[in-house]
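Student: Below is one structure. I have some questions about it.
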Number of protein chains: 2
Amino acid sequence: MSTVTPTGASLLSSLRPEARHAPESGIVEVVNHGRLKEGLIPLWVGEGDLPTPDFIARAANASLAKGETFYTWQRGIPDLREALARYHTALYGRPFSMESFFITGSGMQAVQIVVRMVTGPGDEVVIPTPAWPNVGAAIGVAGAIPVNVPMDYVQGRFSLDLDRLAAAITPKTRAIAINSPANPTGWTATKDELAAILALARKHGLWIIADEIYARFVYDGSARAASFHDVMEPEDRVLFVQTFSKNWAMTGWRVGWIEAPPAFGQVIENLIQYSTSGVPVFVQRGAIAALDEGEPFVAEQIARAAEGRRIIAEGLKATNRVTLSPPDGALYQFFSVDGWQDSRALAIDLVDRANVGLAPGTAFGPGGETGLRLCFARKASDLVETVARLQRALAS
Amino acid sequence: MSTVTPTGASLLSSLRPEARHAPESGIVEVVNHGRLKEGLIPLWVGEGDLPTPDFIARAANASLAKGETFYTWQRGIPDLREALARYHTALYGRPFSMESFFITGSGMQAVQIVVRMVTGPGDEVVIPTPAWPNVGAAIGVAGAIPVNVPMDYVQGRFSLDLDRLAAAITPKTRAIAINSPANPTGWTATKDELAAILALARKHGLWIIADEIYARFVYDGSARAASFHDVMEPEDRVLFVQTFSKNWAMTGWRVGWIEAPPAFGQVIENLIQYSTSGVPVFVQRGAIAALDEGEPFVAEQIARAAEGRRIIAEGLKATNRVTLSPPDGALYQFFSVDGWQDSRALAIDLVDRANVGLAPGTAFGPGGETGLRLCFARKASDLVETVARLQRALAS
């Protein structure tokens with residue numbers, strides 16, 4: 001952060017508290033500590049090392065060359081909404097309508113809009129933690145209160161205590177935010193757990209904000225993780241937030257989607273209109289290519305992640321200094337180091353001594369303060385080197 | 001709008017009122033009426049007919065080819081922020097720092113973030129009207145109240161009564177939103193008027209949300225309109241919202257910027273993080289090309305708009321059925337048709353009988369309900385044909 005002058009401080013004090021108090025990312029602090037270190041292996045953010053594949057970039061270029069540079073549908077171009085319906089039909093084995101899909105300028109914008117739809121000042125949203133901090137922060141910016149429910153963390157494995165989740169519900173609760181497979185924990189709900197959470201939501205009239213963006217990254221041989229799609233009915237209150245970032249290596253494209261009841265079309269269109277007014281057509285053309293031609297690339301990504309997960313889990317276990325359980329899903333190994341309670345200090349120490357960038361558990365809310373998150377969506381040689389560096393650093 | 005089923009209606013009723021009541025655009029209703037009419041000349045939205053120039057698209061293509069497809073700075077890439085500082089230094093004749101500029105995913109997102117910074121539930125924001133409806137709508141979505149101050153409309157010319165503006169200020173007022181040159185009215189504040197508005201803001205401790213996106217489109221031979229930059233001091237509470245859409249024909253790129261006190265950097269970074277998490281690097285590379293190489297294109301756009309303004313004003317006056325005054329700035333001719341009070345009905349009638357698409361004054365709030373907005377950023381032959389069609393329709 002730059003130094004704030006007296007004038008700056010006076011101006012700052014006149015801003016709204018929800019804006020002024022939006023938290024700075026706890027990951028960024030460590031990133032800033034290590035950003036310029038030569039040779040550092042950066043495994044601190046949720047992003048792989050592959051650029052977007054050429055066939056996606058070519059589709060965007062072709063669109064630009066055709067002059068698709070004008071305003072477009074606020075809900076997303078029909079071609080992309082139809083491609084999403086096809087993609088979901090194939091993945092979930094039942095028909096989907098394009099009217100359920102709304103294109104957003106990132107998964108984050110999907111979260112922001114869904115949060116606006118279901119919560120506001122005076123409301124509470126229940127979130128199992130550790131969790132990706134941006135959902136709670138978006139709830140705070142909306143003036144509502146994120147209510148954290150720490151997961152159990154035993155022998156490096158996270159589990160969700162459904163009674164504790166139920167106990168966190170108050171008359172002010174409006175929604176439950178469920179991320180499965182989960183960042184940073186790797187927790188992946190079973191179908192029974194999802195059914196139990198849905199039953200809880202039905203009982204209390206709550207919305208579920210379902211973040212299933214890592215659904216394809218599971219390691220038991222399944223094609224995908226269990227989904228609320230497997231247990232819900234059309235009248236259930238479930239809003240899905242999604243992104244093109246992970247499956248198709250499109251983090252930098254800022255494109256995602258909301259899946260919602262078609263009756264919400266006009267409301268979502270209006271909220272898109274008054275926040276970003278849509279997504280560039282040429283970006284959407286890239287997203288269509290991703291959905292329609294991207295399965296070989298997704299398969300390669302999943303295989304690569306499985307190999308990365310194996311290298312990291314086996315290598316870290318061999319240090320005999322680490323407690324971990326290989327994650328059921330997502331792209332992260334969460335682990336604790338014996339003798340270290342303060343993950344923020346540990347992450348900074350490992351930048352300095354191992355030249356490896358990891359995210360501190362403190363960035364993800366209650367329940368994982370002692371651990372570190374490592375993103376293994378990276379080429380094997382880097383991960384082998386990571387293990388060697390961590391072995392040396394943890395032995396000394 | 002699609003039909004809403006009973007299930008849909010029940011789900012809708014459980015959404016937050018700020019979300020559910022975000023207004024549908026009053027322009028879109030007319031667009032939907034005429035969208036499929038063959039040969040219709042569409043002058044209803046604020047967009048020219050030129051695609052983005054090639055040199056901008058090429059910069060984006062080159063970035064994609066280099067694999068710039070990863071997460072990036074939330075505040076915008078330093079190269080673009082520096083290019084904005086250079087651009088402002090040239091346009092306003094004094095030094096600017098890159099630390100004042102923050103890249104957003106559209107001018108609309110700039111508005112949304114600035115609104116979040118200065119207003120919230122219980123607050124009021126004063127807006128002269130008729131006005132671009134999205135600012136008031138974004139204020140409403142934030143839970144605050146837009147307070148409209150109708151401008152005077154005499155002989156087709158709009159003017160702002162500063163006493164009426166002052167009288168609209170209450171203890172709840174937090175900001176004044178000023179758009180000059182204005183959409184849809186063409187009103188362009190003098191330096192003295194801006195100084196008077198600034199004095200009012202200083203007196204009451206209010207923020208000014210300054211929308212000067214049409215600053216280059218003025219028709220008195222000046223290089224630009226008067227700006228709050230000409231009258232403000234560093235400690236003044238002025239936040240600028242800006243876009244690449246109009247000057248560089250980049251409506252479909254969804255990229256804009258906020259200019260704010262550098263002390264707000266972390267707050268703005270956080271609000272970007274929790275809304276869209278940044279703008280694609282390849283889009284930002286296009287924006288740099290626009291700033292650094294775009295002056296000949298901007299000059300062409302301005303000359304084209306001046307010619308469009310002349311054709312429309314002279315042609316409509318010749319009908320003897322219209323009251324208008326050529327606008328001092330922006331890209332719109334606002335006019336009334338003798339004998340018509342209901343601009344919504346008139347706009348629909350002109351779609352049907354003239355095959356010309358215009359925006360009804362009713363879409364822009366109090367003060368211009370009887371008029372129509374015509375965007376003249378279009379090739380001369382289309383505008384000559386527009387005049388001929390309107391002459392025939394208004395004569396019958």
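For the structure tokens, the naming scheme is as follows: chains receive sequential letters (A, B, ...) according to their order of presentation, residues are indexed from 1 within each chain, and ligands are indexed from 1 in presentation order.
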Define the interface residues of chain B facing chain A as those within 7 Å, counting only C-alpha atoms, and report them as a ChimeraX atom specification.
Tutor: /B:1,4,7-8,12,15-16,19-20,22-24,51-52,57,61,64,67,69-71,105-106,108-109,112,116-119,134,137-138,235,250-254,261,263-264,266-267,270-271,274-277,279-281
Student: Near A:Met98, counting only C-alpha atoms, which residues have an atom at most 12 Å away, once you skip same-chain residues fewer than 4 positions from it, shown as a VMD selection string?
Tutor: chain A and resid 75 to 89 102 to 103 257 to 262 265
Student: List as a VMD selection string the protein and nucleic acid residues near B:Gly365, meaning an atom at most 10 Å away when only C-alpha atoms are counted, but skip any in the same chain fewer than 3 places from it.
Tutor: chain B and resid 26 127 to 133 136 148 to 150 361 to 362 368 to 369
Student: Please produce a file of the residues just selected, as a PDB file, in the first residue's frame, where the atoms kept are N, CA, C and O atoms.
Tutor:
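What landed in out.pdb:
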```pdb
ATOM      1  N   GLY B  26     -36.049   1.760 -20.416  1.00  0.00           N
ATOM      2  CA  GLY B  26     -37.145   2.283 -21.223  1.00  0.00           C
ATOM      3  C   GLY B  26     -36.797   2.377 -22.693  1.00  0.00           C
ATOM      4  O   GLY B  26     -37.669   2.570 -23.547  1.00  0.00           O
ATOM      5  N   ILE B 127     -29.347  14.192  -9.078  1.00  0.00           N
ATOM      6  CA  ILE B 127     -29.041  14.022 -10.500  1.00  0.00           C
ATOM      7  C   ILE B 127     -29.901  14.956 -11.343  1.00  0.00           C
ATOM      8  O   ILE B 127     -31.132  14.839 -11.326  1.00  0.00           O
ATOM      9  N   PRO B 128     -29.283  15.874 -12.090  1.00  0.00           N
ATOM     10  CA  PRO B 128     -30.069  16.630 -13.068  1.00  0.00           C
ATOM     11  C   PRO B 128     -30.626  15.680 -14.134  1.00  0.00           C
ATOM     12  O   PRO B 128     -29.915  14.775 -14.588  1.00  0.00           O
ATOM     13  N   THR B 129     -31.876  15.875 -14.514  1.00  0.00           N
ATOM     14  CA  THR B 129     -32.502  15.030 -15.542  1.00  0.00           C
ATOM     15  C   THR B 129     -33.113  15.903 -16.631  1.00  0.00           C
ATOM     16  O   THR B 129     -33.400  17.064 -16.386  1.00  0.00           O
ATOM     17  N   PRO B 130     -33.346  15.343 -17.835  1.00  0.00           N
ATOM     18  CA  PRO B 130     -33.162  13.959 -18.250  1.00  0.00           C
ATOM     19  C   PRO B 130     -31.686  13.537 -18.162  1.00  0.00           C
ATOM     20  O   PRO B 130     -30.798  14.343 -18.394  1.00  0.00           O
ATOM     21  N   ALA B 131     -31.493  12.233 -17.856  1.00  0.00           N
ATOM     22  CA  ALA B 131     -30.143  11.704 -17.685  1.00  0.00           C
ATOM     23  C   ALA B 131     -30.089  10.260 -18.153  1.00  0.00           C
ATOM     24  O   ALA B 131     -31.112   9.569 -18.192  1.00  0.00           O
ATOM     25  N   TRP B 132     -28.882   9.826 -18.485  1.00  0.00           N
ATOM     26  CA  TRP B 132     -28.651   8.403 -18.769  1.00  0.00           C
ATOM     27  C   TRP B 132     -29.182   7.608 -17.580  1.00  0.00           C
ATOM     28  O   TRP B 132     -28.735   7.818 -16.447  1.00  0.00           O
ATOM     29  N   PRO B 133     -30.140   6.712 -17.795  1.00  0.00           N
ATOM     30  CA  PRO B 133     -30.834   6.114 -16.646  1.00  0.00           C
ATOM     31  C   PRO B 133     -29.976   5.192 -15.784  1.00  0.00           C
ATOM     32  O   PRO B 133     -30.327   4.925 -14.635  1.00  0.00           O
ATOM     33  N   GLY B 136     -28.805   6.460 -12.095  1.00  0.00           N
ATOM     34  CA  GLY B 136     -29.864   6.384 -11.078  1.00  0.00           C
ATOM     35  C   GLY B 136     -30.179   4.949 -10.699  1.00  0.00           C
ATOM     36  O   GLY B 136     -30.397   4.632  -9.531  1.00  0.00           O
ATOM     37  N   ASN B 148     -34.048  13.261  -8.513  1.00  0.00           N
ATOM     38  CA  ASN B 148     -33.993  13.914  -9.818  1.00  0.00           C
ATOM     39  C   ASN B 148     -34.260  15.410  -9.712  1.00  0.00           C
ATOM     40  O   ASN B 148     -35.164  15.841  -9.002  1.00  0.00           O
ATOM     41  N   VAL B 149     -33.471  16.189 -10.440  1.00  0.00           N
ATOM     42  CA  VAL B 149     -33.688  17.639 -10.534  1.00  0.00           C
ATOM     43  C   VAL B 149     -33.928  17.967 -12.011  1.00  0.00           C
ATOM     44  O   VAL B 149     -32.981  18.006 -12.795  1.00  0.00           O
ATOM     45  N   PRO B 150     -35.190  18.150 -12.400  1.00  0.00           N
ATOM     46  CA  PRO B 150     -35.464  18.399 -13.817  1.00  0.00           C
ATOM     47  C   PRO B 150     -34.797  19.686 -14.294  1.00  0.00           C
ATOM     48  O   PRO B 150     -34.846  20.717 -13.610  1.00  0.00           O
ATOM     49  N   GLY B 361     -37.964  10.025 -24.660  1.00  0.00           N
ATOM     50  CA  GLY B 361     -37.532  10.844 -23.537  1.00  0.00           C
ATOM     51  C   GLY B 361     -37.950  10.275 -22.203  1.00  0.00           C
ATOM     52  O   GLY B 361     -37.273  10.487 -21.182  1.00  0.00           O
ATOM     53  N   THR B 362     -39.040   9.520 -22.178  1.00  0.00           N
ATOM     54  CA  THR B 362     -39.508   8.906 -20.934  1.00  0.00           C
ATOM     55  C   THR B 362     -38.462   7.987 -20.310  1.00  0.00           C
ATOM     56  O   THR B 362     -38.524   7.711 -19.118  1.00  0.00           O
ATOM     57  N   GLY B 368     -37.856  15.502 -19.705  1.00  0.00           N
ATOM     58  CA  GLY B 368     -37.785  15.349 -21.154  1.00  0.00           C
ATOM     59  C   GLY B 368     -38.811  14.379 -21.688  1.00  0.00           C
ATOM     60  O   GLY B 368     -38.629  13.819 -22.769  1.00  0.00           O
ATOM     61  N   GLU B 369     -39.898  14.203 -20.965  1.00  0.00           N
ATOM     62  CA  GLU B 369     -40.871  13.160 -21.326  1.00  0.00           C
ATOM     63  C   GLU B 369     -41.462  13.341 -22.713  1.00  0.00           C
ATOM     64  O   GLU B 369     -41.923  12.380 -23.329  1.00  0.00           O
TER      65      GLU B 369
END
```
Student: Would you return as a PyMOL selection string the members of stretch 293-388 of chain A that DSSP assigns to alpha helix (DSSP H) on this structure's backbone?
Tutor: chain A and resi 293+295-317+343-354+380-388
Student: I'd like to know which of B:Thr170, B:Thr190, B:Ser381, B:Asn355 is closest to B:Val231, using only C-alpha atoms.
Tutor: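 Among B:Thr170, B:Thr190, B:Ser381, B:Asn355, it is B:Thr190 that comes nearest to B:Val231.
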